[in-house]
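Student: Supplied in structure tokens, the structure appears directly below.
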Amino acid sequence: MKKSKYITIEEALKKGSGEVNLRGWVYRERKSNKFVFIVLRDESNIIQCVISKSKNPEAFEKAEKLTIESSVKVSGKLKEDERAPTGYEVSVADLEIIQIAEPFPITEHQSPELLYDNRHLWLRSRKLNAVLKIRHTIVGAIHEFFRNHGYFEFDAPIFQPSQSEGGATLFEVNYFEDKIYLSQTWQLYAEAGIFSLGKIYNMGPTFRAERSKTSRHLSEFWMAEMEAAWMKLDEVTEVAKDEIRYIIQQVLKDNKKELEILGRDIKLLEYYAEAQYPTIKYSEALDILNNKYQMNVPWGKDLRTNEEAKIAEHFKVPVVVTHYPTEIMGFYKPPSKENPKEALCFDMLAPEGYCEIIGGSERSLLVDDMINRLKADGEDPTIYEWYFELRKYGSVPHSGYGLGVERVVSWICGLDNIKDAIPFPRTMLRKTP
Ligand code: 4AD
Ligand code: MG
């Protein structure tokens, strides 16, 4: 048999019969006196292979040495077998061992910490393989969504001289003889970019020195942001809803198999992909929390995780909440004209306990108000002079938002912890491998 043509396991499963040449890693192995069974894995799927002592003594002798994660090439005949994990089995005629693996440090039923310590190896698991494929689809869908709607990709520096989302979560870095911070958001630079490009977007690494050890916070994560000239709050919230529906539609189109591996409720995702998402004001959210669920949240307090979860659970779809109290919002979120106590801002809350996945707003055009708010936060407004200049030369209303990529990956995959939504997670307590 000609050995040059290797196909993936997924291609073999589709082919269903005949001779195949496969290469991959030993996912599971079981040995008896007469047979060695290996479950072979590659990037695409798993398949059972059987090596018979009576039919193929030479291959059998080699196969007996195989350990978990050994790398091999196999050739043989494919046949249907309903007992095999993916419904087919390769009866091996030829086995080539590339490397016998040392005892693999990950065995069944490991503690989460051991899995994080061995992340470089755990990436090979079926779970992370499935999550990473879904993440790939989500990232691609975000680029497609914005490019299909006339947005230009626009980059901002990661080294930034100021905060924008609260000084407490800034990462300080030595910068020659000075100090500088890692980007908390692309937004301030995007607000300059829209005067050239109109509608722009970006997806990039974002840094927050979060002291919270929750299952929803990373210190390095990817944020997908957009900013658009002329856009107001009522329009930007609809863009966010369309983006989320589009992302889910693409995952349903490309990743049914991965969703099944993760045990995700596909029917529910199909529902989210087409449903209408409500927009409510913060004060309406309080009405629901206080009157329907006796939660007693006073006006003026930010929503806590359990309160966000309750709102999304109430509607059973993602919910946009607007008009949070100005006082607890960032300096660039403008007070509404009708009621300055409320800011023209929004969060999108995902159901099933996943809570905030998007945060955004109209952008303040009131330079004095912004200066006062920065001062009240102990910030030096002079660093923001370039930003305030944008309000001097043909200022226009504009809005934007940021979507937490790992928050969305976690929700769509149904993960317990955001750390599994990124290949090498960084949190307050985890900076290796
Ligand atoms: O709500 P945030 O802080 O909004 C901003 O940074 C705005 N400047 C964005 C904009 O308007 N262009 O962050 C946006 C989103 C959150 O809704 C959340 O999904 C995610 O980023 N996020 C985090 N994800 C993981 N770990 C963290 N520590 C996160 N902090 C924010
Ligand atoms: Mg937020």
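By order of appearance in the structure tokens: chains A, B, ..., then residues from 1 within every chain, and ligands from 1 in the order shown.
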Counting only C-alpha atoms, give me one row per residue of segment 296-364 of chain A with an atom at most 12 Å from an atom of segment 220-241 of chain A, showing the shortest contact pair and its distance in Å to one decimal, sorted by chain then residue number, as a tab-separated table.

Tutor:
residue	atom	partner	partner_atom	distance
A:Val317	CA	A:Lys241	CA	10.7
A:Pro318	CA	A:Lys241	CA	8.3
A:Val319	CA	A:Lys241	CA	9.0
A:Val320	CA	A:Thr237	CA	7.2
A:Val321	CA	A:Thr237	CA	9.4
A:Thr322	CA	A:Leu233	CA	8.6
A:His323	CA	A:Leu233	CA	9.7
A:Lys333	CA	A:Leu233	CA	10.9
A:Pro334	CA	A:Leu233	CA	10.7
A:Ser336	CA	A:Leu233	CA	10.6
A:Ala343	CA	A:Leu233	CA	10.3
A:Leu344	CA	A:Leu233	CA	6.5
A:Cys345	CA	A:Leu233	CA	7.0
A:Phe346	CA	A:Thr237	CA	7.5
A:Asp347	CA	A:Thr237	CA	8.8
A:Met348	CA	A:Ala240	CA	8.2
A:Leu349	CA	A:Lys241	CA	10.9
A:Ala350	CA	A:Lys241	CA	11.1
A:Ile357	CA	A:Met223	CA	10.1
A:Ile358	CA	A:Ala240	CA	7.9
A:Gly359	CA	A:Glu225	CA	9.5
A:Gly360	CA	A:Thr237	CA	8.4
A:Ser361	CA	A:Leu233	CA	6.5
A:Glu362	CA	A:Leu233	CA	5.7
A:Arg363	CA	A:Lys232	CA	9.1
A:Ser364	CA	A:Lys232	CA	11.3

Student: Might you pull out every residue within 7 Å of Ile38 of chain A, with only C-alpha atoms counted and same-chain residues fewer than 2 positions away left off, and present them as a PyMOL selection string?

Tutor: chain A and resi 26+28-30+36+40+48-50

Student: Can you spit out the residues from that selection as an mmCIF file, in the first residue's frame, using N, CA, C and O atoms?

Tutor:
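Okay, this is what ended up in result22.cif:
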data_model
loop_
_atom_site.group_PDB
_atom_site.id
_atom_site.type_symbol
_atom_site.label_atom_id
_atom_site.label_comp_id
_atom_site.auth_asym_id
_atom_site.auth_seq_id
_atom_site.Cartn_x
_atom_site.Cartn_y
_atom_site.Cartn_z
ATOM 1 N N VAL A 26 -1.705 7.789 20.871
ATOM 2 C CA VAL A 26 -2.496 6.775 21.563
ATOM 3 C C VAL A 26 -3.298 7.458 22.674
ATOM 4 O O VAL A 26 -2.729 8.026 23.608
ATOM 5 N N ARG A 28 -6.097 5.875 24.234
ATOM 6 C CA ARG A 28 -6.332 4.815 25.232
ATOM 7 C C ARG A 28 -5.742 3.529 24.689
ATOM 8 O O ARG A 28 -5.655 3.368 23.470
ATOM 9 N N GLU A 29 -5.355 2.619 25.571
ATOM 10 C CA GLU A 29 -4.891 1.325 25.064
ATOM 11 C C GLU A 29 -5.321 0.228 26.031
ATOM 12 O O GLU A 29 -5.480 0.465 27.224
ATOM 13 N N ARG A 30 -5.591 -0.935 25.444
ATOM 14 C CA ARG A 30 -6.020 -2.082 26.243
ATOM 15 C C ARG A 30 -5.369 -3.311 25.635
ATOM 16 O O ARG A 30 -5.392 -3.486 24.407
ATOM 17 N N VAL A 36 -4.262 -6.217 20.850
ATOM 18 C CA VAL A 36 -4.043 -4.906 21.466
ATOM 19 C C VAL A 36 -5.051 -3.963 20.820
ATOM 20 O O VAL A 36 -5.147 -3.880 19.592
ATOM 21 N N LEU A 40 -6.936 5.680 18.795
ATOM 22 C CA LEU A 40 -5.994 6.639 18.230
ATOM 23 C C LEU A 40 -6.684 7.988 18.166
ATOM 24 O O LEU A 40 -7.877 8.069 17.852
ATOM 25 N N GLN A 48 -10.950 3.602 16.979
ATOM 26 C CA GLN A 48 -10.382 2.388 17.581
ATOM 27 C C GLN A 48 -9.563 1.636 16.539
ATOM 28 O O GLN A 48 -9.977 1.512 15.391
ATOM 29 N N CYS A 49 -8.400 1.125 16.959
ATOM 30 C CA CYS A 49 -7.574 0.303 16.076
ATOM 31 C C CYS A 49 -7.308 -1.014 16.806
ATOM 32 O O CYS A 49 -7.080 -1.009 18.017
ATOM 33 N N VAL A 50 -7.318 -2.109 16.070
ATOM 34 C CA VAL A 50 -7.070 -3.397 16.721
ATOM 35 C C VAL A 50 -5.905 -4.098 16.026
ATOM 36 O O VAL A 50 -5.795 -4.088 14.809
#

Student: What is the atom CA of Met203 of chain A to atom CA of Val408 of chain A distance in Å?

Tutor: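 Atom CA of Val408 of chain A lies at a distance of 13.4 Å from atom CA of Met203 of chain A.
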
Student: Find the residues around Leu115 of chain A up to 12 Å (only C-alpha atoms counted), leave out those fewer than 5 positions away in its own chain, and share them as a list in words.

Tutor: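 Here the answer would be Pro105, Ile106, Thr107, Glu108, His109, Gln110, His120, Leu121, Trp122, Leu123, Arg124, Ser125, Lys127, Leu128, Lys419, Asp420, Phe424, Pro425, Thr432 and Pro433 of chain A.
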
Student: Those residues you just picked out, can you put them in a file as a tab-separated table (two decimals), in the first residue's frame with N, CA, C and O atoms?

Tutor:
chain	number	residue	atom	x	y	z
A	105	PRO	N	1.68	12.24	32.63
A	105	PRO	CA	1.35	12.70	33.99
A	105	PRO	C	-0.14	12.85	34.26
A	105	PRO	O	-0.55	12.93	35.42
A	106	ILE	N	-0.95	12.91	33.20
A	106	ILE	CA	-2.39	13.08	33.42
A	106	ILE	C	-3.08	11.74	33.24
A	106	ILE	O	-3.00	11.13	32.18
A	107	THR	N	-3.71	11.28	34.31
A	107	THR	CA	-4.53	10.08	34.19
A	107	THR	C	-5.97	10.48	34.49
A	107	THR	O	-6.24	11.66	34.71
A	108	GLU	N	-6.86	9.52	34.51
A	108	GLU	CA	-8.26	9.88	34.75
A	108	GLU	C	-8.47	10.47	36.15
A	108	GLU	O	-7.71	10.19	37.07
A	109	HIS	N	-9.52	11.25	36.30
A	109	HIS	CA	-9.93	11.83	37.60
A	109	HIS	C	-8.81	12.61	38.27
A	109	HIS	O	-8.39	12.31	39.38
A	110	GLN	N	-8.28	13.59	37.58
A	110	GLN	CA	-7.24	14.44	38.16
A	110	GLN	C	-7.88	15.69	38.77
A	110	GLN	O	-8.93	16.12	38.34
A	120	HIS	N	0.04	22.52	29.23
A	120	HIS	CA	0.71	22.26	27.95
A	120	HIS	C	0.41	20.87	27.43
A	120	HIS	O	0.50	20.62	26.23
A	121	LEU	N	0.06	19.95	28.32
A	121	LEU	CA	-0.29	18.58	27.90
A	121	LEU	C	-1.81	18.39	27.85
A	121	LEU	O	-2.33	17.67	26.99
A	122	TRP	N	-2.51	19.05	28.75
A	122	TRP	CA	-3.97	18.90	28.83
A	122	TRP	C	-4.68	19.51	27.60
A	122	TRP	O	-5.82	19.17	27.28
A	123	LEU	N	-3.97	20.39	26.87
A	123	LEU	CA	-4.53	20.94	25.63
A	123	LEU	C	-4.96	19.83	24.68
A	123	LEU	O	-5.80	20.02	23.82
A	124	ARG	N	-4.35	18.62	24.85
A	124	ARG	CA	-4.66	17.50	23.95
A	124	ARG	C	-5.98	16.82	24.29
A	124	ARG	O	-6.42	15.94	23.56
A	125	SER	N	-6.56	17.18	25.43
A	125	SER	CA	-7.78	16.48	25.85
A	125	SER	C	-8.91	16.76	24.86
A	125	SER	O	-8.92	17.77	24.17
A	127	LYS	N	-11.85	17.58	25.60
A	127	LYS	CA	-12.59	18.76	26.04
A	127	LYS	C	-11.93	20.03	25.51
A	127	LYS	O	-12.58	20.86	24.87
A	128	LEU	N	-10.63	20.18	25.77
A	128	LEU	CA	-9.98	21.43	25.33
A	128	LEU	C	-9.89	21.50	23.81
A	128	LEU	O	-10.03	22.58	23.23
A	419	LYS	N	-11.19	29.86	32.85
A	419	LYS	CA	-9.82	29.46	32.55
A	419	LYS	C	-9.76	28.43	31.42
A	419	LYS	O	-8.75	28.32	30.72
A	420	ASP	N	-10.86	27.68	31.23
A	420	ASP	CA	-10.85	26.69	30.16
A	420	ASP	C	-11.22	27.28	28.81
A	420	ASP	O	-11.27	26.56	27.81
A	424	PHE	N	-3.77	29.19	27.57
A	424	PHE	CA	-2.92	29.30	28.76
A	424	PHE	C	-3.44	30.43	29.65
A	424	PHE	O	-3.07	31.58	29.47
A	425	PRO	N	-4.32	30.10	30.62
A	425	PRO	CA	-4.96	31.14	31.41
A	425	PRO	C	-3.99	31.88	32.33
A	425	PRO	O	-3.05	31.28	32.84
A	432	THR	N	1.64	30.24	35.26
A	432	THR	CA	2.40	29.21	34.55
A	432	THR	C	1.44	28.11	34.09
A	432	THR	O	0.36	27.98	34.68
A	433	PRO	N	1.76	27.24	33.17
A	433	PRO	CA	2.97	27.26	32.35
A	433	PRO	C	2.86	28.35	31.29
A	433	PRO	O	1.79	28.82	31.02

Student: So that I can check the surroundings of Gln160 of chain A, please list as a PyMOL selection string every protein, DNA and RNA residue that reaches within 8 Å of it, counting only C-alpha atoms and ignoring chain neighbours fewer than 4 positions away.

Tutor: chain A and resi 180-183

Student: Mind writing the picked residues with all heavy atoms as a PDB file, in the first residue's frame?

Tutor:
ATOM      1  N   ILE A 180       4.570  52.722  32.567  1.00  0.00           N
ATOM      2  CA  ILE A 180       3.440  52.750  31.626  1.00  0.00           C
ATOM      3  C   ILE A 180       2.529  51.593  32.015  1.00  0.00           C
ATOM      4  O   ILE A 180       2.883  50.790  32.879  1.00  0.00           O
ATOM      5  CB  ILE A 180       3.972  52.672  30.163  1.00  0.00           C
ATOM      6  CG1 ILE A 180       2.937  53.208  29.165  1.00  0.00           C
ATOM      7  CG2 ILE A 180       4.402  51.259  29.821  1.00  0.00           C
ATOM      8  CD1 ILE A 180       3.533  53.680  27.863  1.00  0.00           C
ATOM      9  N   TYR A 181       1.358  51.497  31.400  1.00  0.00           N
ATOM     10  CA  TYR A 181       0.394  50.450  31.782  1.00  0.00           C
ATOM     11  C   TYR A 181       0.037  49.575  30.579  1.00  0.00           C
ATOM     12  O   TYR A 181       0.069  50.028  29.438  1.00  0.00           O
ATOM     13  CB  TYR A 181      -0.879  51.086  32.329  1.00  0.00           C
ATOM     14  CG  TYR A 181      -0.608  52.084  33.424  1.00  0.00           C
ATOM     15  CD1 TYR A 181      -0.726  53.452  33.185  1.00  0.00           C
ATOM     16  CD2 TYR A 181      -0.198  51.654  34.687  1.00  0.00           C
ATOM     17  CE1 TYR A 181      -0.457  54.377  34.184  1.00  0.00           C
ATOM     18  CE2 TYR A 181       0.075  52.569  35.693  1.00  0.00           C
ATOM     19  CZ  TYR A 181      -0.052  53.928  35.438  1.00  0.00           C
ATOM     20  OH  TYR A 181       0.228  54.836  36.423  1.00  0.00           O
ATOM     21  N   LEU A 182      -0.347  48.346  30.880  1.00  0.00           N
ATOM     22  CA  LEU A 182      -0.853  47.461  29.826  1.00  0.00           C
ATOM     23  C   LEU A 182      -2.318  47.810  29.562  1.00  0.00           C
ATOM     24  O   LEU A 182      -3.062  48.143  30.480  1.00  0.00           O
ATOM     25  CB  LEU A 182      -0.735  45.997  30.251  1.00  0.00           C
ATOM     26  CG  LEU A 182       0.690  45.477  30.483  1.00  0.00           C
ATOM     27  CD1 LEU A 182       0.640  44.002  30.881  1.00  0.00           C
ATOM     28  CD2 LEU A 182       1.544  45.658  29.233  1.00  0.00           C
ATOM     29  N   SER A 183      -2.724  47.684  28.308  1.00  0.00           N
ATOM     30  CA  SER A 183      -4.062  48.115  27.876  1.00  0.00           C
ATOM     31  C   SER A 183      -5.193  47.461  28.677  1.00  0.00           C
ATOM     32  O   SER A 183      -5.260  46.238  28.804  1.00  0.00           O
ATOM     33  CB  SER A 183      -4.243  47.775  26.400  1.00  0.00           C
ATOM     34  OG  SER A 183      -5.576  48.022  26.020  1.00  0.00           O
TER      35      SER A 183
END

Student: Interatomic distance between atom CA of Ser71 of chain A and atom CA of Ala101 of chain A?

Tutor: 7.4 Å

Student: Of the residues A:Trp386, A:Phe154, A:Tyr277, A:Trp25, which is the one nearest to Pro351 of chain A, using only C-alpha atoms?

Tutor: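 Nearest candidate to Pro351 of chain A out of A:Trp386, A:Phe154, A:Tyr277, A:Trp25: A:Tyr277.
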
Student: From the list A:Asp380, A:Glu270, A:Glu313, A:Glu385, which residue is nearest Leu252 of chain A when using only C-alpha atoms?

Tutor: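 For Leu252 of chain A, the nearest of the given residues is A:Glu270.
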
Student: Could you write out, as a ChimeraX atom specification, all the residues of segment 96-175 of chain A that DSSP marks as helix (DSSP H, G or I)?

Tutor: /A:112-117,119-122,126-148,167-169

Student: Tell me, as a compact mmCIF listing (two decimals) with all heavy atoms, in the first residue's frame, which residues lie within 10 Å of Phe146 of chain A, counting only C-alpha atoms; anything in the same chain fewer than 6 positions away does not count.

Tutor:
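Written output follows (out39.txt):
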# COMPACT_ATOMS: atom_id res chain seq x y z
N PHE A 152 -13.86 48.77 9.76
CA PHE A 152 -12.45 48.56 9.48
C PHE A 152 -11.76 48.07 10.75
O PHE A 152 -12.05 48.56 11.85
CB PHE A 152 -11.78 49.87 9.03
CG PHE A 152 -12.27 50.35 7.70
CD1 PHE A 152 -13.24 51.35 7.63
CD2 PHE A 152 -11.78 49.80 6.52
CE1 PHE A 152 -13.70 51.80 6.39
CE2 PHE A 152 -12.24 50.25 5.29
CZ PHE A 152 -13.21 51.25 5.22
N GLU A 153 -10.79 47.17 10.57
CA GLU A 153 -10.00 46.74 11.73
C GLU A 153 -8.98 47.83 12.04
O GLU A 153 -8.31 48.33 11.14
CB GLU A 153 -9.30 45.41 11.41
CG GLU A 153 -8.67 44.79 12.63
CD GLU A 153 -8.24 43.34 12.42
OE1 GLU A 153 -8.56 42.76 11.37
OE2 GLU A 153 -7.59 42.80 13.33
N LYS A 199 -16.49 53.50 11.17
CA LYS A 199 -16.87 52.34 12.00
C LYS A 199 -15.66 51.41 12.08
O LYS A 199 -15.16 50.97 11.03
CB LYS A 199 -18.05 51.59 11.36
CG LYS A 199 -19.30 52.45 11.20
CD LYS A 199 -20.56 51.59 11.02
CE LYS A 199 -20.56 50.88 9.68
NZ LYS A 199 -21.84 50.15 9.46
N ILE A 200 -15.23 51.10 13.29
CA ILE A 200 -14.03 50.29 13.44
C ILE A 200 -14.23 49.20 14.50
O ILE A 200 -15.13 49.28 15.32
CB ILE A 200 -12.80 51.16 13.81
CG1 ILE A 200 -13.05 51.98 15.07
CG2 ILE A 200 -12.43 52.09 12.66
CD1 ILE A 200 -11.87 52.86 15.49
N TYR A 201 -13.35 48.20 14.44
CA TYR A 201 -13.41 47.14 15.45
C TYR A 201 -12.01 46.61 15.67
O TYR A 201 -11.08 46.91 14.90
CB TYR A 201 -14.34 46.00 15.01
CG TYR A 201 -13.68 45.02 14.08
CD1 TYR A 201 -13.16 43.82 14.56
CD2 TYR A 201 -13.52 45.30 12.73
CE1 TYR A 201 -12.53 42.91 13.73
CE2 TYR A 201 -12.88 44.41 11.88
CZ TYR A 201 -12.39 43.22 12.39
OH TYR A 201 -11.75 42.34 11.56
N ASN A 202 -11.87 45.80 16.70
CA ASN A 202 -10.58 45.20 17.02
C ASN A 202 -10.79 44.03 17.97
O ASN A 202 -11.77 43.99 18.70
CB ASN A 202 -9.67 46.25 17.70
CG ASN A 202 -8.29 45.72 17.98
OD1 ASN A 202 -8.02 45.16 19.03
ND2 ASN A 202 -7.41 45.87 17.02
N MET A 226 -15.85 47.43 19.43
CA MET A 226 -16.25 48.21 18.25
C MET A 226 -16.50 49.65 18.68
O MET A 226 -16.77 49.92 19.86
CB MET A 226 -17.50 47.64 17.57
CG MET A 226 -18.76 47.59 18.40
SD MET A 226 -19.59 49.17 18.67
CE MET A 226 -20.30 49.49 17.08
N VAL A 239 -26.58 46.43 17.60
CA VAL A 239 -25.39 45.83 16.97
C VAL A 239 -24.88 44.69 17.86
O VAL A 239 -24.57 43.60 17.38
CB VAL A 239 -24.27 46.89 16.76
CG1 VAL A 239 -23.02 46.23 16.19
CG2 VAL A 239 -24.75 48.01 15.83
N GLU A 243 -24.52 40.82 16.83
CA GLU A 243 -23.21 40.15 16.87
C GLU A 243 -23.32 38.83 17.62
O GLU A 243 -22.82 37.81 17.16
CB GLU A 243 -22.16 41.07 17.53
CG GLU A 243 -20.79 40.40 17.56
CD GLU A 243 -19.72 41.19 18.32
OE1 GLU A 243 -20.01 42.29 18.83
OE2 GLU A 243 -18.60 40.67 18.42

Student: Considering only C-alpha atoms and all ligand atoms, state which residue in the set A:Glu284, A:Asp377, A:Glu258, A:Glu191 is at the smallest distance from ligand 1.

Tutor: A:Glu191

Student: Using only C-alpha atoms and all ligand atoms, which residue out of A:Asp242, A:Glu165, A:Glu342, A:Asp178 lies closest to ligand 1?

Tutor: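 Counting only C-alpha atoms and all ligand atoms, the residue closest to ligand 1 is A:Glu165.
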
Student: Tell me which of A:Glu61, A:Glu379, A:Glu89, A:Glu210 sits closest to ligand 1, counting only C-alpha atoms and all ligand atoms.

Tutor: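 Checking each candidate against ligand 1, we get A:Glu210 as the closest.
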